[in-house]
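Novice: Structure file protein_8.cif, mmCIF, C-alpha atoms, is pasted below:
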```
data_start
#
loop_
_atom_site.label_atom_id
_atom_site.label_comp_id
_atom_site.auth_asym_id
_atom_site.auth_seq_id
_atom_site.Cartn_x
_atom_site.Cartn_y
_atom_site.Cartn_z
CA GLU H 2 -13.50 13.87 17.95
CA ASP H 3 -12.46 11.47 15.19
CA GLN H 4 -13.76 7.97 15.83
CA VAL H 5 -13.70 4.55 14.17
CA THR H 6 -15.81 1.56 15.12
CA GLN H 7 -15.75 -1.90 13.59
CA SER H 8 -18.28 -4.72 13.58
CA PRO H 9 -18.55 -7.48 14.30
CA GLU H 10 -15.88 -7.79 16.97
CA ALA H 11 -15.31 -11.40 15.92
CA LEU H 12 -16.58 -13.51 13.03
CA ARG H 13 -16.37 -17.24 12.36
CA LEU H 14 -16.98 -18.44 8.82
CA GLN H 15 -16.85 -21.78 7.12
CA GLU H 16 -14.47 -22.01 4.21
CA GLY H 17 -16.29 -20.65 1.16
CA GLU H 18 -18.88 -18.73 3.19
CA SER H 19 -18.79 -15.11 1.97
CA SER H 20 -19.37 -12.21 4.37
CA SER H 21 -18.63 -8.54 5.03
CA LEU H 22 -16.86 -6.59 7.74
CA ASN H 23 -18.01 -3.08 8.63
CA CYS H 24 -16.02 0.03 9.51
CA SER H 25 -18.01 3.10 10.58
CA TYR H 26 -16.28 6.42 11.06
CA THR H 27 -16.82 10.01 12.10
CA VAL H 28 -14.01 12.30 11.09
CA SER H 29 -13.51 16.00 10.48
CA GLY H 30 -12.80 15.72 6.79
CA LEU H 31 -11.62 12.37 5.45
CA ARG H 32 -8.26 12.29 3.74
CA GLY H 33 -8.15 8.52 3.44
CA LEU H 34 -9.50 5.25 4.82
CA PHE H 35 -7.14 2.31 5.19
CA TRP H 36 -7.66 -1.42 5.64
CA TYR H 37 -4.96 -3.56 7.22
CA ARG H 38 -4.64 -7.23 8.04
CA GLN H 39 -2.82 -8.28 11.23
CA ASP H 40 -1.67 -11.81 11.98
CA PRO H 41 -0.87 -12.83 15.58
CA GLY H 42 2.54 -11.59 16.68
CA LYS H 43 3.07 -9.45 13.59
CA GLY H 44 2.61 -5.85 12.55
CA PRO H 45 -0.37 -4.73 10.47
CA GLU H 46 -0.06 -5.41 6.76
CA PHE H 47 -1.51 -2.90 4.31
CA LEU H 48 -4.44 -4.00 2.15
CA PHE H 49 -6.24 -0.98 0.67
CA THR H 50 -6.55 2.80 0.70
CA LEU H 51 -9.83 4.48 -0.25
CA TYR H 52 -10.11 8.23 -0.69
CA SER H 53 -13.66 9.11 -1.75
CA ALA H 54 -17.21 7.81 -1.49
CA GLY H 55 -18.06 5.33 -4.19
CA GLU H 56 -14.50 4.11 -4.56
CA GLU H 57 -13.87 0.36 -4.63
CA LYS H 58 -10.68 -1.69 -4.56
CA GLU H 59 -10.13 -5.43 -4.98
CA LYS H 60 -7.37 -7.85 -4.18
CA GLU H 61 -7.85 -11.58 -4.59
CA ARG H 62 -10.85 -12.54 -2.41
CA LEU H 63 -11.12 -9.11 -0.78
CA LYS H 64 -13.05 -6.07 -1.95
CA ALA H 65 -13.23 -2.77 -0.08
CA THR H 66 -15.93 -0.15 -0.60
CA LEU H 67 -16.44 3.32 0.83
CA THR H 68 -19.41 5.57 1.57
CA LYS H 69 -19.51 8.90 3.39
CA LYS H 70 -20.01 7.17 6.74
CA GLU H 71 -18.65 3.66 6.45
CA SER H 72 -16.53 1.16 4.62
CA PHE H 73 -17.07 -2.52 3.99
CA LEU H 74 -14.54 -5.24 3.48
CA HIS H 75 -16.20 -8.01 1.51
CA ILE H 76 -14.64 -11.45 1.65
CA THR H 77 -15.69 -13.82 -1.12
CA ALA H 78 -15.26 -17.57 -0.68
CA PRO H 79 -12.76 -17.19 2.18
CA LYS H 80 -10.04 -19.71 2.89
CA PRO H 81 -8.48 -20.62 6.26
CA GLU H 82 -5.44 -18.50 5.40
CA ASP H 83 -7.69 -15.42 5.43
CA SER H 84 -8.00 -15.82 9.21
CA ALA H 85 -6.59 -12.69 10.84
CA THR H 86 -7.62 -9.46 12.53
CA TYR H 87 -8.73 -6.83 10.04
CA LEU H 88 -8.11 -3.23 11.06
CA CYS H 89 -9.67 -0.11 9.62
CA ALA H 90 -8.07 3.32 10.02
CA VAL H 91 -8.92 6.85 8.93
CA GLN H 92 -6.79 9.90 8.37
CA ALA H 93 -8.49 13.21 9.04
CA GLN H 94 -7.84 16.58 7.40
CA ASP H 95 -5.69 17.54 10.38
CA GLN H 96 -3.59 14.50 9.41
CA ASN H 97 -4.52 12.63 12.59
CA PHE H 98 -4.64 8.84 12.18
CA VAL H 99 -7.23 6.80 14.11
CA PHE H 100 -7.45 3.01 14.08
CA GLY H 101 -10.56 0.96 14.84
CA PRO H 102 -10.51 -1.94 17.32
CA GLY H 103 -10.49 -4.55 14.56
CA THR H 104 -12.54 -7.60 13.58
CA ARG H 105 -11.09 -11.03 14.39
CA LEU H 106 -11.91 -13.33 11.49
CA SER H 107 -11.67 -17.11 11.76
CA VAL H 108 -12.24 -19.23 8.66
CA LEU H 109 -12.78 -22.88 9.45
CA PRO H 110 -11.85 -25.60 6.95
CA ASP D 18 14.01 -3.90 0.80
CA ALA D 19 14.22 -5.22 4.36
CA GLY D 20 11.14 -3.33 5.44
CA VAL D 21 10.84 -1.44 8.71
CA ILE D 22 13.28 -2.78 11.27
CA GLN D 23 12.64 -2.60 15.00
CA SER D 24 14.80 -3.58 17.93
CA PRO D 25 14.69 -5.19 20.32
CA ARG D 26 11.88 -7.57 19.42
CA HIS D 27 11.24 -8.36 23.07
CA GLU D 28 12.09 -6.40 26.19
CA VAL D 29 11.50 -7.33 29.81
CA THR D 30 12.42 -4.75 32.41
CA GLU D 31 11.62 -3.73 35.93
CA MET D 32 9.52 -0.78 36.95
CA GLY D 33 11.56 2.41 37.11
CA GLN D 34 14.10 1.38 34.50
CA GLU D 35 14.71 3.29 31.28
CA VAL D 36 13.59 1.60 28.08
CA THR D 37 14.73 2.57 24.58
CA LEU D 38 13.04 1.21 21.49
CA ARG D 39 14.64 1.61 18.09
CA CYS D 40 13.33 1.86 14.56
CA LYS D 41 14.87 2.00 11.11
CA PRO D 42 12.31 3.09 8.50
CA ILE D 43 12.21 1.97 4.90
CA SER D 44 14.85 3.80 2.89
CA GLY D 45 13.39 6.81 1.07
CA HIS D 46 10.35 7.13 3.32
CA ASN D 47 10.02 10.56 4.90
CA SER D 48 7.29 9.92 7.47
CA LEU D 49 7.69 7.80 10.57
CA PHE D 50 5.07 6.78 13.11
CA TRP D 51 5.19 5.23 16.59
CA TYR D 52 2.16 3.23 17.76
CA ARG D 53 1.27 1.31 20.91
CA GLN D 54 -1.06 -1.70 20.84
CA THR D 55 -2.84 -3.25 23.82
CA MET D 56 -5.82 -5.52 24.14
CA MET D 57 -7.76 -2.84 26.00
CA ARG D 58 -7.04 0.18 23.82
CA GLY D 59 -6.14 -1.32 20.46
CA LEU D 60 -3.66 0.50 18.22
CA GLU D 61 -2.89 4.05 19.32
CA LEU D 62 -0.78 6.60 17.48
CA LEU D 63 1.81 8.08 19.85
CA ILE D 64 3.78 10.44 17.61
CA TYR D 65 4.75 10.94 14.01
CA PHE D 66 7.57 12.67 12.18
CA ASN D 67 7.78 14.25 8.74
CA ASN D 68 11.30 14.75 7.41
CA ASN D 69 12.71 14.03 10.89
CA VAL D 70 10.56 16.74 12.51
CA PRO D 71 7.90 15.77 15.10
CA ILE D 72 4.52 16.87 13.74
CA ASP D 73 2.02 15.57 16.26
CA ASP D 74 2.90 14.16 19.67
CA SER D 75 -0.57 14.52 21.18
CA GLY D 76 -0.78 10.75 21.56
CA MET D 77 2.25 10.54 23.83
CA PRO D 78 0.75 9.47 27.16
CA GLU D 79 2.89 11.60 29.46
CA ASP D 80 6.27 13.17 30.00
CA ARG D 81 7.84 9.81 30.72
CA PHE D 82 7.66 9.15 26.97
CA SER D 83 9.95 10.87 24.49
CA ALA D 84 10.81 10.24 20.84
CA LYS D 85 13.61 11.43 18.62
CA MET D 86 14.55 11.15 14.98
CA PRO D 87 18.12 12.37 14.60
CA ASN D 88 18.27 11.41 10.92
CA ALA D 89 16.14 9.94 8.15
CA SER D 90 17.16 6.36 8.91
CA PHE D 91 16.77 6.11 12.68
CA SER D 92 14.29 6.88 15.43
CA THR D 93 14.02 6.07 19.12
CA LEU D 94 11.15 5.92 21.58
CA LYS D 95 12.25 6.23 25.18
CA ILE D 96 10.31 5.55 28.36
CA GLN D 97 11.85 6.85 31.58
CA PRO D 98 10.93 5.71 34.15
CA SER D 99 8.95 2.72 32.91
CA GLU D 100 5.79 1.50 34.67
CA PRO D 101 3.87 -1.81 34.45
CA ARG D 102 1.02 -0.06 32.58
CA ASP D 103 3.48 0.67 29.76
CA SER D 104 3.51 -3.04 28.91
CA ALA D 105 2.34 -3.33 25.30
CA VAL D 106 3.52 -3.97 21.77
CA TYR D 107 5.13 -0.90 20.26
CA PHE D 108 5.07 -0.59 16.48
CA CYS D 109 7.02 1.68 14.20
CA ALA D 110 5.70 2.43 10.71
CA SER D 111 6.95 4.51 7.80
CA SER D 112 5.45 5.95 4.65
CA ALA D 113 6.56 7.88 1.63
CA HIS D 114 4.17 10.71 2.49
CA ASN D 115 2.11 10.95 5.66
CA GLN D 116 -1.16 10.52 3.82
CA GLU D 117 -0.13 7.36 2.00
CA THR D 118 0.29 3.73 2.92
CA GLN D 119 2.08 3.04 6.18
CA TYR D 120 4.34 0.00 6.36
CA PHE D 121 4.67 -1.47 9.81
CA GLY D 122 7.60 -3.12 11.51
CA PRO D 123 7.32 -6.39 13.46
CA GLY D 124 6.92 -4.57 16.77
CA THR D 125 8.66 -4.62 20.14
CA ARG D 126 6.90 -6.53 22.90
CA LEU D 127 7.57 -4.67 26.15
CA LEU D 128 6.86 -6.15 29.55
CA VAL D 129 7.47 -3.98 32.59
CA LEU D 130 7.44 -5.95 35.83
#
```
Render the structure in this file as structure tokens.
Specialist:
Amino acid sequence: EDQVTQSPEALRLQEGESSSLNCSYTVSGLRGLFWYRQDPGKGPEFLFTLYSAGEEKEKERLKATLTKKESFLHITAPKPEDSATYLCAVQAQDQNFVFGPGTRLSVLP
Amino acid sequence: DAGVIQSPRHEVTEMGQEVTLRCKPISGHNSLFWYRQTMMRGLELLIYFNNNVPIDDSGMPEDRFSAKMPNASFSTLKIQPSEPRDSAVYFCASSAHNQETQYFGPGTRLLVL
């Protein structure tokens, strides 16, 4: 069964304090791994897609990396506006999509 | 582009009533997805369509749920009869191909009393 777990469940950082969020997955053939950001009361907003181990993508203060078993979302010098829930999702070879439970990030000024 | 449009944004109904949620995908996208999000279970895929055809409805919880996509610009998710445990936020998303980026709508918050 395809499965996605994320850690930590919640994370509080001071502004400027860099950290990483983890997404671990088991899937029958990975077609793609997706990172989304979700603000309260809104739909998930796309951040990155990663397709193969070793791939990295960057956007502003965020950098996503992928191995055969997990992905990391690195946040460098975060700002309060980076506070949100970050969701990881995988698409398997059978095209099934599975989302993880998310990590709630709070960045304090 | 206006993005994915969902209506209504909020729905409050009584147990046993029929509920219809609506979605207009981004123009030109050929895949459409319905999700349900709750605190307990997170974001769950209910069903998705490719070119208006349902591909995988294994996530639909039971026969009370049904989804249609009569054309490329409109889809509905119907719950009949509704139950309190159906209370959740229902999201619609679309993508250009089912393995590419999904763009989510703002969601419909459903409360079944």
Novice: As JSON, please report the centre and edge lengths, rounded to one decimal in Å, of the axis-aligned box that holds all listed atoms of stretch 86-100 of chain H with 6 Å of padding on each of the six sides.
Specialist:
```
{"center_x": -6.6, "center_y": 4.0, "center_z": 10.8, "size_x": 18.1, "size_y": 39.0, "size_z": 18.7}
```
Novice: What is the atom CA of D:Asp103-atom CA of D:Pro42 distance in Å, reported with one decimal?
Specialist: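 Taking atom CA of D:Asp103 as the start and atom CA of D:Pro42 as the end point, the length is 23.1 Å.
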Novice: Evaluated on this file, the PyMOL selection byres ((chain H and resi 97-106) around 8) picks out some residues - which ones are they, written as a PyMOL selection string?
Specialist: (chain H and resi 3-14+22+24+83-96+107-108) or (chain D and resi 58-62)
Novice: I need the residue set behind the PyMOL selection byres ((chain D) within 12 of (chain H)) for this file; please write it as a ChimeraX atom specification.
Specialist: /D:20-23,26-27,48,50-67,72-76,105-112,114-126
Novice: So what do you get for atom CA of H:Leu51 versus atom CA of H:Tyr26, distance-wise?
Specialist: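 Between atom CA of H:Leu51 and atom CA of H:Tyr26 the gap works out to 13.2 Å.
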Novice: Could you tell me how far atom CA of D:Leu49 lies from atom CA of D:Asn69, in Å and to one decimal?
Specialist: 8.0 Å
Novice: Given the choices H:Glu2, H:Glu71, H:Asp40, H:Glu16, which gets closest to H:Val28 if the distance is worked out from all atoms listed in the file?
Specialist: H:Glu2
Novice: Taking into account only C-alpha atoms, which residue in the set D:Ser83, D:Gln34, D:Ser90, D:Ser24 is nearest to D:Val129?
Specialist: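 Under the stated criterion, the closest residue is D:Gln34.
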